[in-house]
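Undergrad: Just one file: data_30.txt, with compact mmCIF, C-alpha atoms.
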# COMPACT_ATOMS: atom_id res chain seq x y z
CA MET Z 1 218.39 257.51 179.40
CA THR Z 2 221.05 260.22 179.11
CA THR Z 3 220.05 263.69 177.97
CA ASN Z 4 221.53 264.91 174.71
CA PRO Z 5 223.13 268.23 175.79
CA ASN Z 6 222.70 269.75 172.33
CA LYS Z 7 218.98 268.88 172.31
CA ALA Z 8 218.62 270.28 175.84
CA LEU Z 9 220.34 273.53 174.80
CA TRP Z 10 217.99 274.24 171.88
CA GLU Z 11 214.84 273.12 173.66
CA LYS Z 12 215.75 275.26 176.68
CA GLY Z 13 214.41 278.58 175.48
CA ASP Z 14 212.15 279.47 172.59
CA PHE Z 15 214.26 280.16 169.54
CA THR Z 16 211.13 281.15 167.57
CA LYS Z 17 211.29 284.53 169.37
CA LEU Z 18 214.74 285.17 167.91
CA ALA Z 19 213.93 283.56 164.56
CA ALA Z 20 211.18 286.15 164.06
CA THR Z 21 213.93 288.79 163.73
CA MET Z 22 215.73 286.73 161.05
CA ARG Z 23 212.99 286.17 158.46
CA GLU Z 24 213.88 288.89 155.94
CA SER Z 25 217.52 287.82 155.57
CA GLY Z 26 216.47 284.15 155.46
CA ASP Z 27 214.16 284.88 152.54
CA ALA Z 28 216.85 286.90 150.71
CA LEU Z 29 219.39 284.11 151.17
CA ILE Z 30 217.06 281.50 149.68
CA GLU Z 31 216.24 283.85 146.78
CA SER Z 32 219.98 284.08 146.04
CA LEU Z 33 220.24 280.27 145.78
CA GLY Z 34 217.75 280.03 142.92
CA VAL Z 35 215.42 277.63 144.75
CA GLY Z 36 212.36 276.69 142.70
CA PRO Z 37 209.89 273.98 141.71
CA GLY Z 38 211.26 270.49 141.16
CA LEU Z 39 214.04 270.87 143.69
CA LYS Z 40 214.22 268.48 146.64
CA VAL Z 41 215.65 270.35 149.64
CA LEU Z 42 216.84 269.26 153.08
CA ASP Z 43 216.98 272.11 155.61
CA LEU Z 44 219.17 270.92 158.47
CA GLY Z 45 219.07 272.50 161.93
CA CYS Z 46 216.10 274.35 160.50
CA GLY Z 47 214.58 275.80 163.67
CA ASP Z 48 210.99 276.79 162.94
CA GLY Z 49 211.66 277.31 159.25
CA THR Z 50 213.33 280.69 158.66
CA THR Z 51 214.84 279.33 155.43
CA ALA Z 52 212.60 276.25 155.01
CA LEU Z 53 209.40 278.26 154.49
CA PRO Z 54 210.94 280.47 151.76
CA GLU Z 55 212.24 277.31 150.04
CA ALA Z 56 208.77 275.77 150.03
CA GLN Z 57 207.11 279.05 149.02
CA ARG Z 58 209.29 278.98 145.90
CA GLY Z 59 207.93 275.54 144.98
CA ALA Z 60 210.63 273.19 146.28
CA ASP Z 61 209.79 269.94 148.09
CA VAL Z 62 211.29 270.60 151.55
CA LEU Z 63 212.10 268.51 154.60
CA GLY Z 64 213.22 270.41 157.71
CA ILE Z 65 215.14 268.54 160.40
CA ASP Z 66 215.97 269.92 163.84
CA ILE Z 67 217.04 268.36 167.13
CA ALA Z 68 214.60 270.45 169.20
CA SER Z 69 211.09 268.98 169.36
CA ASN Z 70 209.54 272.36 170.24
CA LEU Z 71 211.01 273.95 167.09
CA VAL Z 72 209.87 271.03 164.91
CA ALA Z 73 206.33 271.49 166.26
CA ALA Z 74 206.53 275.25 165.65
CA GLY Z 75 207.76 274.66 162.09
CA ASN Z 76 204.94 272.25 161.29
CA ARG Z 77 202.45 274.81 162.63
CA ARG Z 78 203.94 277.53 160.43
CA ALA Z 79 203.82 275.24 157.38
CA GLN Z 80 200.18 274.37 158.08
CA GLU Z 81 199.20 278.00 158.62
CA ALA Z 82 200.89 278.94 155.35
CA GLY Z 83 199.14 276.09 153.51
CA LEU Z 84 202.47 274.57 152.42
CA THR Z 85 201.81 270.87 151.77
CA ASN Z 86 205.30 270.60 150.21
CA LEU Z 87 207.00 271.28 153.56
CA SER Z 88 207.34 269.06 156.62
CA PHE Z 89 209.49 269.13 159.75
CA GLN Z 90 210.81 266.22 161.78
CA GLU Z 91 213.13 265.66 164.70
CA GLY Z 92 216.64 264.47 163.92
CA ASP Z 93 220.36 264.83 164.57
CA ALA Z 94 222.58 266.41 161.90
CA SER Z 95 225.45 264.10 162.83
CA SER Z 96 223.37 260.97 162.23
CA LEU Z 97 220.66 261.32 159.58
CA ASP Z 98 219.21 257.84 160.12
CA GLY Z 99 216.32 257.08 157.85
CA LEU Z 100 217.38 259.40 155.03
CA ALA Z 101 218.48 257.63 151.88
CA GLY Z 102 221.79 258.54 150.26
CA ALA Z 103 221.84 260.87 147.25
CA SER Z 104 218.24 261.98 147.84
CA PHE Z 105 218.42 265.81 147.94
CA ASP Z 106 219.32 268.37 145.26
CA LEU Z 107 220.14 270.96 147.90
CA VAL Z 108 221.09 270.68 151.57
CA VAL Z 109 220.83 273.98 153.45
CA SER Z 110 221.97 274.64 157.01
CA ILE Z 111 222.00 278.24 158.18
CA PHE Z 112 223.39 278.53 161.73
CA GLY Z 113 222.04 275.05 162.40
CA ALA Z 114 224.26 272.03 161.80
CA MET Z 115 227.25 274.05 163.03
CA PHE Z 116 225.98 273.46 166.59
CA ALA Z 117 225.73 269.67 166.25
CA PRO Z 118 228.43 267.60 167.94
CA ARG Z 119 230.82 265.45 165.86
CA PRO Z 120 231.41 267.89 162.97
CA TYR Z 121 233.17 265.33 160.78
CA ASP Z 122 230.06 263.13 161.00
CA VAL Z 123 227.90 266.14 160.14
CA ALA Z 124 229.93 266.82 156.98
CA LYS Z 125 229.87 263.12 156.04
CA GLU Z 126 226.09 262.91 156.47
CA MET Z 127 225.41 266.09 154.47
CA VAL Z 128 227.58 264.78 151.66
CA ARG Z 129 225.94 261.33 151.81
CA VAL Z 130 222.37 262.59 151.36
CA THR Z 131 223.20 265.06 148.55
CA LYS Z 132 222.68 263.93 144.96
CA PRO Z 133 225.59 263.99 142.51
CA GLY Z 134 225.46 267.46 140.92
CA GLY Z 135 223.66 268.82 143.99
CA ARG Z 136 224.78 271.48 146.46
CA ILE Z 137 225.33 271.94 150.17
CA VAL Z 138 225.05 275.51 151.49
CA MET Z 139 225.96 276.37 155.08
CA GLY Z 140 225.93 279.62 157.01
CA ASN Z 141 228.28 279.55 160.00
CA TRP Z 142 229.23 282.15 162.61
CA ILE Z 143 232.94 283.05 162.58
CA PRO Z 144 235.15 282.71 165.68
CA GLY Z 145 236.61 286.02 166.83
CA ASP Z 146 234.43 288.02 164.45
CA PRO Z 147 233.50 291.39 166.00
CA THR Z 148 229.88 291.35 164.81
CA LEU Z 149 226.83 290.40 166.85
CA VAL Z 150 226.39 286.64 167.23
CA ALA Z 151 230.08 285.68 167.35
CA SER Z 152 230.52 288.38 170.00
CA ILE Z 153 227.52 287.13 172.02
CA LEU Z 154 228.89 283.57 171.95
CA LYS Z 155 232.37 284.78 172.97
CA ILE Z 156 231.05 286.96 175.81
CA SER Z 157 228.70 284.19 177.00
CA ALA Z 158 231.57 281.69 177.10
CA ALA Z 159 233.50 283.98 179.44
CA TYR Z 160 230.71 283.74 182.04
CA THR Z 161 229.98 280.00 181.82
CA PRO Z 162 231.95 277.05 183.20
CA PRO Z 163 234.48 275.48 180.83
CA PRO Z 164 232.95 272.97 178.39
CA PRO Z 165 233.45 269.22 178.95
CA GLU Z 166 236.59 267.52 177.71
CA GLY Z 167 236.42 266.74 173.99
CA PHE Z 168 234.01 269.61 173.26
CA VAL Z 169 234.48 271.02 169.76
CA SER Z 170 233.50 274.68 169.46
CA PRO Z 171 230.61 275.22 166.99
CA VAL Z 172 232.28 278.36 165.60
CA LEU Z 173 235.14 276.29 164.16
CA TRP Z 174 232.67 275.80 161.30
CA GLY Z 175 233.37 279.47 160.60
CA GLN Z 176 237.05 278.80 159.80
CA GLU Z 177 237.70 278.00 156.16
CA ALA Z 178 240.55 275.57 156.91
CA GLU Z 179 238.29 273.56 159.25
CA VAL Z 180 235.46 273.53 156.70
CA ARG Z 181 237.81 272.23 154.01
CA ALA Z 182 239.27 269.57 156.33
CA ARG Z 183 235.81 268.29 157.25
CA PHE Z 184 234.39 268.11 153.74
CA THR Z 185 237.53 266.69 152.10
CA ALA Z 186 237.50 263.98 154.80
CA ALA Z 187 233.94 263.22 153.59
CA GLY Z 188 235.26 262.70 150.06
CA VAL Z 189 234.64 266.13 148.53
CA PRO Z 190 237.44 267.47 146.29
CA ASP Z 191 238.94 270.67 147.69
CA GLU Z 192 238.11 272.60 144.50
CA ALA Z 193 234.39 271.81 145.01
CA ILE Z 194 234.34 273.85 148.26
CA THR Z 195 233.97 277.63 148.27
CA CYS Z 196 233.88 279.94 151.29
CA GLU Z 197 232.97 283.61 151.36
CA ARG Z 198 232.01 286.14 153.99
CA ALA Z 199 228.40 287.28 153.86
CA THR Z 200 226.05 289.38 155.99
CA TYR Z 201 222.90 288.36 157.83
CA THR Z 202 220.74 291.15 159.27
CA PHE Z 203 218.60 290.96 162.40
CA ARG Z 204 215.58 293.29 162.52
CA TYR Z 205 213.71 293.90 165.75
CA PRO Z 206 210.76 296.31 166.23
CA GLY Z 207 212.10 297.90 169.40
CA PRO Z 208 215.22 299.35 171.01
CA PRO Z 209 218.50 297.37 171.26
CA ALA Z 210 218.02 296.71 175.00
CA ASP Z 211 214.70 294.97 174.25
CA PHE Z 212 216.32 292.92 171.49
CA LEU Z 213 219.01 291.87 173.97
CA ALA Z 214 216.21 290.67 176.27
CA VAL Z 215 215.14 288.23 173.53
CA PHE Z 216 218.62 286.67 173.56
CA ARG Z 217 218.75 286.71 177.37
CA ASP Z 218 215.35 285.06 177.83
CA TYR Z 219 215.04 282.73 174.82
CA TYR Z 220 218.46 281.88 173.26
CA GLY Z 221 220.00 278.79 174.89
CA PRO Z 222 223.69 279.86 174.97
CA SER Z 223 222.99 283.30 176.44
CA MET Z 224 220.37 281.88 178.84
CA ASN Z 225 223.07 279.57 180.21
CA ALA Z 226 225.48 282.50 180.50
CA PHE Z 227 222.99 284.58 182.50
CA GLU Z 228 222.23 281.65 184.82
CA ALA Z 229 225.94 281.10 185.46
CA ALA Z 230 226.56 284.85 185.90
CA GLU Z 231 223.76 285.08 188.46
CA LYS Z 232 225.33 282.26 190.51
CA SER Z 233 228.72 284.00 190.47
CA GLY Z 234 227.28 287.44 191.23
CA ARG Z 235 228.22 288.79 187.79
CA LYS Z 236 224.78 289.11 186.17
CA ALA Z 237 224.82 292.92 186.11
CA GLU Z 238 228.30 292.84 184.56
CA LEU Z 239 227.16 290.49 181.78
CA GLN Z 240 224.02 292.59 181.16
CA ALA Z 241 226.12 295.78 180.88
CA GLU Z 242 228.64 294.17 178.53
CA LEU Z 243 225.90 292.92 176.21
CA GLU Z 244 223.95 296.18 176.35
CA ALA Z 245 227.06 298.02 175.18
CA LEU Z 246 227.55 295.48 172.36
CA PHE Z 247 223.94 295.77 171.11
CA ALA Z 248 223.97 299.58 171.27
CA ALA Z 249 227.26 299.78 169.37
CA GLN Z 250 226.15 297.34 166.66
CA ASN Z 251 222.70 298.83 166.05
CA GLN Z 252 222.35 300.53 162.66
CA GLY Z 253 218.70 301.38 163.22
CA ASP Z 254 217.47 303.91 165.75
CA ALA Z 255 216.18 303.99 169.33
CA THR Z 256 212.85 302.47 168.31
CA TYR Z 257 213.82 299.89 165.67
CA THR Z 258 216.94 297.71 165.90
CA VAL Z 259 218.86 296.70 162.78
CA ILE Z 260 222.05 294.71 163.40
CA PRO Z 261 224.08 293.10 160.61
CA ALA Z 262 226.22 290.07 161.48
CA THR Z 263 229.02 288.57 159.39
CA TYR Z 264 229.06 284.83 158.70
CA LEU Z 265 230.93 282.33 156.56
CA LYS Z 266 228.86 281.13 153.62
CA VAL Z 267 230.03 277.69 152.54
CA THR Z 268 229.04 276.12 149.21
CA VAL Z 269 229.91 272.52 148.40
CA THR Z 270 229.24 271.17 144.91
CA ARG Z 271 228.77 267.43 144.58
I need this file expressed as structure tokens, please.

TA:
Amino acid sequence: MTTNPNKALWEKGDFTKLAATMRESGDALIESLGVGPGLKVLDLGCGDGTTALPEAQRGADVLGIDIASNLVAAGNRRAQEAGLTNLSFQEGDASSLDGLAGASFDLVVSIFGAMFAPRPYDVAKEMVRVTKPGGRIVMGNWIPGDPTLVASILKISAAYTPPPPEGFVSPVLWGQEAEVRARFTAAGVPDEAITCERATYTFRYPGPPADFLAVFRDYYGPSMNAFEAAEKSGRKAELQAELEALFAAQNQGDATYTVIPATYLKVTVTR
């Protein structure tokens, strides 16, 4: 049985450690979408529920799907601890939502999730397929070349890792409006039903920037891979220094509490 490289990447570390710094912005984002009782929501690439829990807390009936079994288990634990019987998590692949009936969700949300799945045209097609007529798809995607935190981490990490395999499609292409439009129009969505805008997501960490960097280094799959590769090539200290400078420059908090805003592309598709 061959290993799914995307599954291996997200099961590699423990994304819950990073997700803990993303809760406040996740809650604010869901508040802005007007999620409430009676809404059936699919949260795709949901991690341990940074947006799925706020959706359920507002009364929606929520299914979270993620490729990483450890994050699915963590999400189900969080739902149970919060007493949310209207929220469940299961393992699945955003590019092949087998078992989900067409036109079954009022809202499909994927915040920095489905963008990492392979076969982006299949991802768009599947999101469109499971959304009810009159429903919405909302994605948050990191932007290639953007100078803010996560796009910069991904760019720096790529410079220290071996080149990707042939046919690899960069996840951050989901952050380019032209690519987004091409993918959703290919799935049958009229161009005028697609809107893209830049928005801000803020990370909050109760410690200095260097400690926040350690969370990425030790628990975030892409930067874990970069540090492993840099160690083999004798460039680990160089990578550490480059990222330390990035985190220090981006921090809008102070030496004891890190606050780093990151720009992303917010995509809304109306069915």

Undergrad: Of the residues Z:Lys236, Z:Pro209, Z:Val189, Z:Val269, which is the one nearest to Met224 of chain Z, using only C-alpha atoms?

TA: Z:Lys236

Undergrad: From the list Z:Pro144, Z:Pro164, Z:Gly102, Z:Gly45, which residue is nearest Tyr264 of chain Z when using all atoms listed in the file?

TA: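 Checking each of Z:Pro144, Z:Pro164, Z:Gly102, Z:Gly45 against Tyr264 of chain Z, counting all atoms listed in the file, the winner is Z:Pro144.
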
Undergrad: Would you please work out which residue, of Z:Tyr220, Z:Tyr121, Z:Phe89, Z:Phe112, is nearest to Ala8 of chain Z when using all atoms listed in the file?

TA: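 Among the listed residues, the smallest separation from Ala8 of chain Z belongs to Z:Tyr220.
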
Undergrad: Compare Z:Ala230, Z:Ile143, Z:Val180, Z:Ile137 by their minimum atom-to-atom distance to Pro120 of chain Z, counting only C-alpha atoms, and give me the closest one.

TA: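 Residue with the minimum atom-to-atom distance to Pro120 of chain Z: Z:Val180.
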
Undergrad: For each of Z:Gly99, Z:Ala182, Z:Val62, Z:Glu197, take the minimum atom-to-atom distance to Val138 of chain Z, counting all atoms listed in the file, then give the residue where this is smallest.

TA: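 Residue with the minimum atom-to-atom distance to Val138 of chain Z: Z:Glu197.
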
Undergrad: Neighbours of Asp211 of chain Z within 10 Å (all atoms listed in the file; same-chain residues fewer than 2 positions away dropped), as JSON, numbers by chain?

TA: {"Z": [205, 206, 207, 208, 209, 213, 214, 215, 216, 217, 244, 247, 256, 257, 258]}

Undergrad: Find the residues near Gly140 of chain Z: any atom within 10 Å, counting all atoms listed in the file, skip ones fewer than 5 places away on the same chain, and give them as a count of residues only.

TA: 22

Undergrad: Which residue is closest to Ile65 of chain Z? Choose from Z:Val108, Z:Ala158, Z:Leu42, Z:Leu53 and count only C-alpha atoms.

TA: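 Comparing Z:Val108, Z:Ala158, Z:Leu42, Z:Leu53 against Ile65 of chain Z, the winner is Z:Leu42.
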
Undergrad: As an mmCIF file with C-alpha atoms, in the coordinates of the input, please: the residues near Leu107 of chain Z (cut-off 10 Å, all atoms listed in the file, same-chain neighbours under 5 positions excluded).

TA:
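Output below, filename result-v9.cif:
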data_model
loop_
_atom_site.group_PDB
_atom_site.id
_atom_site.type_symbol
_atom_site.label_atom_id
_atom_site.label_comp_id
_atom_site.auth_asym_id
_atom_site.auth_seq_id
_atom_site.Cartn_x
_atom_site.Cartn_y
_atom_site.Cartn_z
ATOM 1 C CA LEU Z 33 220.240 280.270 145.780
ATOM 2 C CA VAL Z 35 215.420 277.630 144.750
ATOM 3 C CA LEU Z 39 214.040 270.870 143.690
ATOM 4 C CA LYS Z 40 214.220 268.480 146.640
ATOM 5 C CA VAL Z 41 215.650 270.350 149.640
ATOM 6 C CA LEU Z 42 216.840 269.260 153.080
ATOM 7 C CA ASP Z 43 216.980 272.110 155.610
ATOM 8 C CA ALA Z 60 210.630 273.190 146.280
ATOM 9 C CA VAL Z 62 211.290 270.600 151.550
ATOM 10 C CA MET Z 127 225.410 266.090 154.470
ATOM 11 C CA VAL Z 130 222.370 262.590 151.360
ATOM 12 C CA THR Z 131 223.200 265.060 148.550
ATOM 13 C CA LYS Z 132 222.680 263.930 144.960
ATOM 14 C CA GLY Z 134 225.460 267.460 140.920
ATOM 15 C CA GLY Z 135 223.660 268.820 143.990
ATOM 16 C CA ARG Z 136 224.780 271.480 146.460
ATOM 17 C CA ILE Z 137 225.330 271.940 150.170
ATOM 18 C CA VAL Z 138 225.050 275.510 151.490
ATOM 19 C CA VAL Z 269 229.910 272.520 148.400
ATOM 20 C CA THR Z 270 229.240 271.170 144.910
ATOM 21 C CA ARG Z 271 228.770 267.430 144.580
#

Undergrad: Taking the point (212.2, 276.2, 141.5) as given in the file, collect each protein or nucleic acid residue that comes within 9 Å of it, counting all atoms listed in the file, and present the set as a PyMOL selection string.

TA: chain Z and resi 34-39+55+58-60

Undergrad: One decimal, Å: what's the distance from atom CA of Pro133 of chain Z over to atom CA of Gly188 of chain Z, could you say?

TA: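 Atom CA of Gly188 of chain Z lies 12.3 Å from atom CA of Pro133 of chain Z.
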
Undergrad: For Gly47 of chain Z, list every protein, DNA or RNA residue within 7 Å, evaluated using only C-alpha atoms, and leave out those in the same chain fewer than 2 positions away; present the list as a VMD selection string.

TA: chain Z and resid 45 49 66 71 to 72

Undergrad: Could you please determine the separation between atom CA of Leu87 of chain Z and atom CA of Lys7 of chain Z in Å, to one decimal place?

TA: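 Atom-to-atom, atom CA of Leu87 of chain Z and atom CA of Lys7 of chain Z are spaced 22.4 Å apart.
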
Undergrad: Would you pick out the contacts of Phe116 of chain Z at 10 Å or less, using only C-alpha atoms, so that residues sharing its chain but fewer than 3 positions from it are not included, and give the list as a PyMOL selection string?

TA: chain Z and resi 6+9-10+45+94+112-113+119-120+123+141+169-174
